[in-house]
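Down below is the structure, laid out as structure tokens.
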Amino acid sequence: MAVNPGNFPVASLYVGDLTPDVSEAILYEKFSQNGKVEVLSIRVCRDMVSKRSLGYAYVNFQNQLDAERALDTMNFDRIKGQPCRIMWSQRDPSLRRSGVGNIFIKNLDKSIDHKAMYDTFSAFGNILSCKVALDENSQSRGFGFVHFDTQESADLAIKKVNGMLLNDKKVYVGKFVPRKDRTRDQGANQRYTNVYVKNFGEDFEDDDLHQAFEKFGKIYSAVVMKDETGKGRGFGFVSFENHESAARAVEEMNNGVLNNHQIYCGRAQKRKERQMELIRRREEQKMERYSRYHGVNLYIKNLEDDFSDEKLREEFNKFGNITSAKIMVDEIGHSRGFGFVCFSSPEEATKAVTEMNGRIVVSKPLYVALAQRKDERAAHLAALRMQRMARGMPQGQMQMYPPYYMPGIQSHQRAYFPPAMTGFRWQGGPVHRPYGFSGMHHRTRPGVPRSGGMSNTQQRITNTGSRIGPQQRGSSVTQTQQQPQPRTQQQYKLNPSARNQPGT
């Protein structure tokens, strides 16, 4: 019976390798055994956005005995046609990531599944997890993983099973090494037996490849890769019995001649490893070119469209020995307006920059500077942007001017009125009455005399310039309402001799 490690939740199981259509109801029916086992809760983990199942779930039982029984009897049972993988729930990932007790098995027979491998390795200790890697068609990929609860059990399994036959195939069992800890450059010191050969032509067959390499040692297999029509693709693989034979074949056959072709022969690599090596080689070549041409290669821009390589060389030939001059062009061969000139010494390049930068050639001033790598140029531009921001001038910000002058009053300014507009009527100044006040009743319009005396504010001026006669104090005034007239240029007339006479 499986033992629950003390660090894990008592009655919680992890159920993995589920198909996307497995729901909580299906799992409840599976683990409750038609109500015979009390299941507290089931949760299928799903994507937060699409709500699609992530392929695993957690099942919580009422007591530990039911969880242990489910782990022993239902592990690797098929749910919706696919075997599930059950293990104790591990909320703390430190044990899983540490690699303690984890082993790797390869060269497995296709008929070995999860359960067969679990039964094979359970004799060496308590297994926390056991998995055979599958492809998209649920077929074995020939390798798997077993995670024991202790490192002693893992070491015992490696000692007893490594090199043994499982279903008539010799398997390899070793300690699992995470991908991030694997050595990137495995070619120089790794012991290999598989050799990759290419560039031998399309008319080469498996037997021809076997005969060409059998002189170096015993060969397990020699295969020429072919396309869908059965035509050779010009490369293949040779698997030797031991590393010494493979190393001798690589040493003698690399850059040799086979089938009237110069071939490449080297250690067979995985695709990811080969891509990483190609990236490393490209970076090395870039650094080599940079160190070779640093300080002697010039970048020239703002060139005329009809500038050619020969004309560019003629313009800079007077400053020293030019090793190369190139105008960059687009897909159809038109100049892109910039190019490069490489001198033989840094002194010549410095002299060219000093004298040619800003000089007008044909009709444009040239920009000449030392060529920079893309990452250096990006860092330089970033530094310039930071300097502008430190000076309070963000990049791209320009002083903006209005398209025309508008003599309006700004919100932060106080209005200014000339003296003619600020004088009161009793001071003899002109009166600017807003449009619409004429014709209003004296009870609502401004300037009505207050009780206690007469004031010249009782004087009213109409739009036509006629005056209103004297009025008696406190008497009501009857005034004909005038229809509002369209607003035009109005003229006002003031008669200073008009006064209100008492008793009239």
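Labeling convention for the structure tokens: chains A, B, ... as they appear, residues from 1 per chain, ligands from 1 in order of appearance.
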
Using only C-alpha atoms, which protein or nucleic acid residues come within 10 Å of A:Asn167? Drop anything in the same chain fewer than 6 positions from it, and give the result as an MDAnalysis selection string.
chainID A and resid 108:112

*Compile the contact shell of A:Lys215 as a list in words: residues with an atom at most 12 Å away, counting only C-alpha atoms, same-chain residues fewer than 6 positions apart removed.*
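The residues satisfying every condition are Leu209, Phe240, Ser245, Ala246, Arg248, Ala249, Glu252 and Met253 of chain A.
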
Fill in: Atomic distance atom CA of A:Ser89 - atom CA of A:Leu13, expressed in Å with one decimal
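Pair atom CA of A:Ser89 / atom CA of A:Leu13 returns 4.9 Å.
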
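Taking stretch 349-389 of chain A and asking which residues DSSP calls strand (DSSP E) on the backbone, you get A:Ile360, A:Val361, A:Lys364, A:Pro365, A:Tyr367, A:Val368, A:Ala369, A:Leu370.
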
The residue from A:Gln211, A:Ser308, A:Gln372, A:Asn75 with the smallest atom-to-atom distance to A:Phe338, counting only C-alpha atoms, is A:Ser308

### Query
Quick one: residues within 8 Å of stretch 265-281 of chain A, only C-alpha atoms counted, chain neighbours fewer than 6 positions away excluded, as a ChimeraX atom specification?
/A:184-185,187,192-198,237,249-250,253-255

Leaving out stretch 330-337 of chain A and any residue of its chain fewer than 4 positions from it, which residues lie within 12 Å of it when counting only C-alpha atoms, given as a VMD selection string? chain A and resid 299 to 309 312 326 364 366 to 367

Put those residues in a file: all heavy atoms, as a compact mmCIF listing (two decimals), in the first residue's frame.
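The result, stored in again_4.txt:
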```
# COMPACT_ATOMS: atom_id res chain seq x y z
N TYR A 299 30.56 54.69 -41.00
CA TYR A 299 29.16 54.71 -41.45
C TYR A 299 28.87 56.07 -42.07
O TYR A 299 29.10 57.11 -41.44
CB TYR A 299 28.23 54.44 -40.26
CG TYR A 299 26.77 54.71 -40.53
CD1 TYR A 299 26.03 53.89 -41.35
CD2 TYR A 299 26.13 55.81 -39.94
CE1 TYR A 299 24.68 54.12 -41.59
CE2 TYR A 299 24.79 56.06 -40.17
CZ TYR A 299 24.07 55.21 -40.99
OH TYR A 299 22.74 55.45 -41.23
N ILE A 300 28.40 56.09 -43.33
CA ILE A 300 28.13 57.32 -44.05
C ILE A 300 26.66 57.31 -44.48
O ILE A 300 26.18 56.32 -45.07
CB ILE A 300 29.03 57.46 -45.30
CG1 ILE A 300 30.49 57.44 -44.89
CG2 ILE A 300 28.70 58.74 -46.05
CD1 ILE A 300 31.17 56.11 -45.05
N LYS A 301 25.94 58.38 -44.18
CA LYS A 301 24.55 58.48 -44.60
C LYS A 301 24.28 59.85 -45.22
O LYS A 301 25.15 60.71 -45.25
CB LYS A 301 23.60 58.24 -43.43
CG LYS A 301 23.54 59.35 -42.40
CD LYS A 301 22.46 59.04 -41.36
CE LYS A 301 22.35 60.16 -40.33
NZ LYS A 301 21.28 59.90 -39.34
N ASN A 302 23.07 60.01 -45.72
CA ASN A 302 22.64 61.22 -46.44
C ASN A 302 23.33 61.31 -47.80
O ASN A 302 23.69 62.39 -48.27
CB ASN A 302 22.91 62.48 -45.62
CG ASN A 302 21.96 63.60 -45.97
OD1 ASN A 302 20.84 63.35 -46.45
ND2 ASN A 302 22.37 64.84 -45.77
N LEU A 303 23.49 60.15 -48.43
CA LEU A 303 24.10 60.09 -49.76
C LEU A 303 23.05 60.34 -50.84
O LEU A 303 21.85 60.10 -50.64
CB LEU A 303 24.76 58.73 -49.97
CG LEU A 303 25.93 58.38 -49.05
CD1 LEU A 303 26.32 56.93 -49.22
CD2 LEU A 303 27.13 59.29 -49.33
N GLU A 304 23.51 60.78 -51.98
CA GLU A 304 22.62 60.95 -53.12
C GLU A 304 22.14 59.58 -53.62
O GLU A 304 22.81 58.56 -53.43
CB GLU A 304 23.35 61.68 -54.25
CG GLU A 304 23.71 63.12 -53.93
CD GLU A 304 22.49 64.03 -53.95
OE1 GLU A 304 21.45 63.60 -54.48
OE2 GLU A 304 22.58 65.15 -53.41
N ASP A 305 20.98 59.59 -54.28
CA ASP A 305 20.40 58.32 -54.74
C ASP A 305 21.23 57.66 -55.83
O ASP A 305 21.20 56.44 -55.99
CB ASP A 305 18.97 58.56 -55.25
CG ASP A 305 18.04 58.99 -54.14
OD1 ASP A 305 18.37 58.73 -52.97
OD2 ASP A 305 16.98 59.58 -54.44
N ASP A 306 21.98 58.45 -56.61
CA ASP A 306 22.76 57.88 -57.71
C ASP A 306 24.19 57.57 -57.30
O ASP A 306 25.04 57.33 -58.15
CB ASP A 306 22.75 58.84 -58.90
CG ASP A 306 23.27 60.22 -58.53
OD1 ASP A 306 23.46 60.49 -57.32
OD2 ASP A 306 23.49 61.05 -59.45
N PHE A 307 24.48 57.56 -55.99
CA PHE A 307 25.82 57.24 -55.52
C PHE A 307 26.08 55.75 -55.69
O PHE A 307 25.24 54.92 -55.36
CB PHE A 307 25.97 57.64 -54.05
CG PHE A 307 27.09 58.61 -53.80
CD1 PHE A 307 26.99 59.89 -54.29
CD2 PHE A 307 28.23 58.26 -53.10
CE1 PHE A 307 28.00 60.81 -54.06
CE2 PHE A 307 29.24 59.16 -52.88
CZ PHE A 307 29.13 60.45 -53.36
N SER A 308 27.28 55.41 -56.19
CA SER A 308 27.67 54.02 -56.40
C SER A 308 28.86 53.68 -55.50
O SER A 308 29.45 54.55 -54.84
CB SER A 308 28.04 53.78 -57.86
OG SER A 308 29.14 54.59 -58.24
N ASP A 309 29.21 52.40 -55.48
CA ASP A 309 30.35 51.97 -54.67
C ASP A 309 31.65 52.62 -55.14
O ASP A 309 32.49 53.03 -54.33
CB ASP A 309 30.49 50.45 -54.75
CG ASP A 309 29.28 49.73 -54.15
OD1 ASP A 309 28.49 50.40 -53.47
OD2 ASP A 309 29.14 48.51 -54.38
N LEU A 312 31.74 56.28 -54.06
CA LEU A 312 32.00 56.38 -52.63
C LEU A 312 33.48 56.14 -52.33
O LEU A 312 34.08 56.83 -51.49
CB LEU A 312 31.13 55.37 -51.88
CG LEU A 312 31.23 55.38 -50.36
CD1 LEU A 312 30.74 56.70 -49.78
CD2 LEU A 312 30.43 54.22 -49.76
N LYS A 326 30.95 50.12 -49.60
CA LYS A 326 29.70 49.48 -50.00
C LYS A 326 28.53 50.43 -49.76
O LYS A 326 28.38 51.00 -48.67
CB LYS A 326 29.49 48.20 -49.18
CG LYS A 326 28.21 47.44 -49.51
CD LYS A 326 28.26 46.84 -50.90
CE LYS A 326 27.03 45.99 -51.19
NZ LYS A 326 27.05 45.44 -52.55
N LYS A 364 24.18 67.46 -50.76
CA LYS A 364 23.77 67.12 -49.41
C LYS A 364 24.98 67.08 -48.48
O LYS A 364 26.06 66.62 -48.88
CB LYS A 364 23.08 65.74 -49.36
CG LYS A 364 21.77 65.67 -50.12
CD LYS A 364 21.17 64.29 -49.98
CE LYS A 364 19.83 64.17 -50.69
NZ LYS A 364 19.25 62.81 -50.54
N LEU A 366 27.11 65.35 -45.73
CA LEU A 366 27.26 63.97 -45.30
C LEU A 366 27.32 63.87 -43.79
O LEU A 366 27.81 64.78 -43.11
CB LEU A 366 28.53 63.36 -45.89
CG LEU A 366 28.62 63.22 -47.41
CD1 LEU A 366 29.90 62.51 -47.80
CD2 LEU A 366 27.40 62.47 -47.96
N TYR A 367 26.85 62.74 -43.29
CA TYR A 367 27.05 62.38 -41.88
C TYR A 367 28.02 61.21 -41.86
O TYR A 367 27.75 60.15 -42.44
CB TYR A 367 25.74 61.98 -41.22
CG TYR A 367 25.93 61.41 -39.83
CD1 TYR A 367 26.11 62.23 -38.74
CD2 TYR A 367 25.95 60.03 -39.63
CE1 TYR A 367 26.29 61.71 -37.47
CE2 TYR A 367 26.13 59.49 -38.37
CZ TYR A 367 26.31 60.34 -37.29
OH TYR A 367 26.49 59.81 -36.04
```

- Message: When DSSP is applied to the backbone of this structure, which of stretch 107-333 of chain A are assigned helix (DSSP H, G or I)? Write them out as a VMD selection string.
- Response: chain A and resid 114 to 124 151 to 161 179 to 181 206 to 216 243 to 253 271 to 293 309 to 319

Can you pull out every residue within 7 Å of stretch 121-135 of chain A, counting only C-alpha atoms, but drop anything in the same chain fewer than 4 positions away, and send it as a ChimeraX atom specification? /A:2,87,113-114,117,139-141,143-149,153,156-157

**Contacts of stretch 24-40 of chain A at 8 Å (only C-alpha atoms; same-chain gap of 3+ positions) as a PyMOL selection string** = chain A and resi 43-44+59-62+66+70
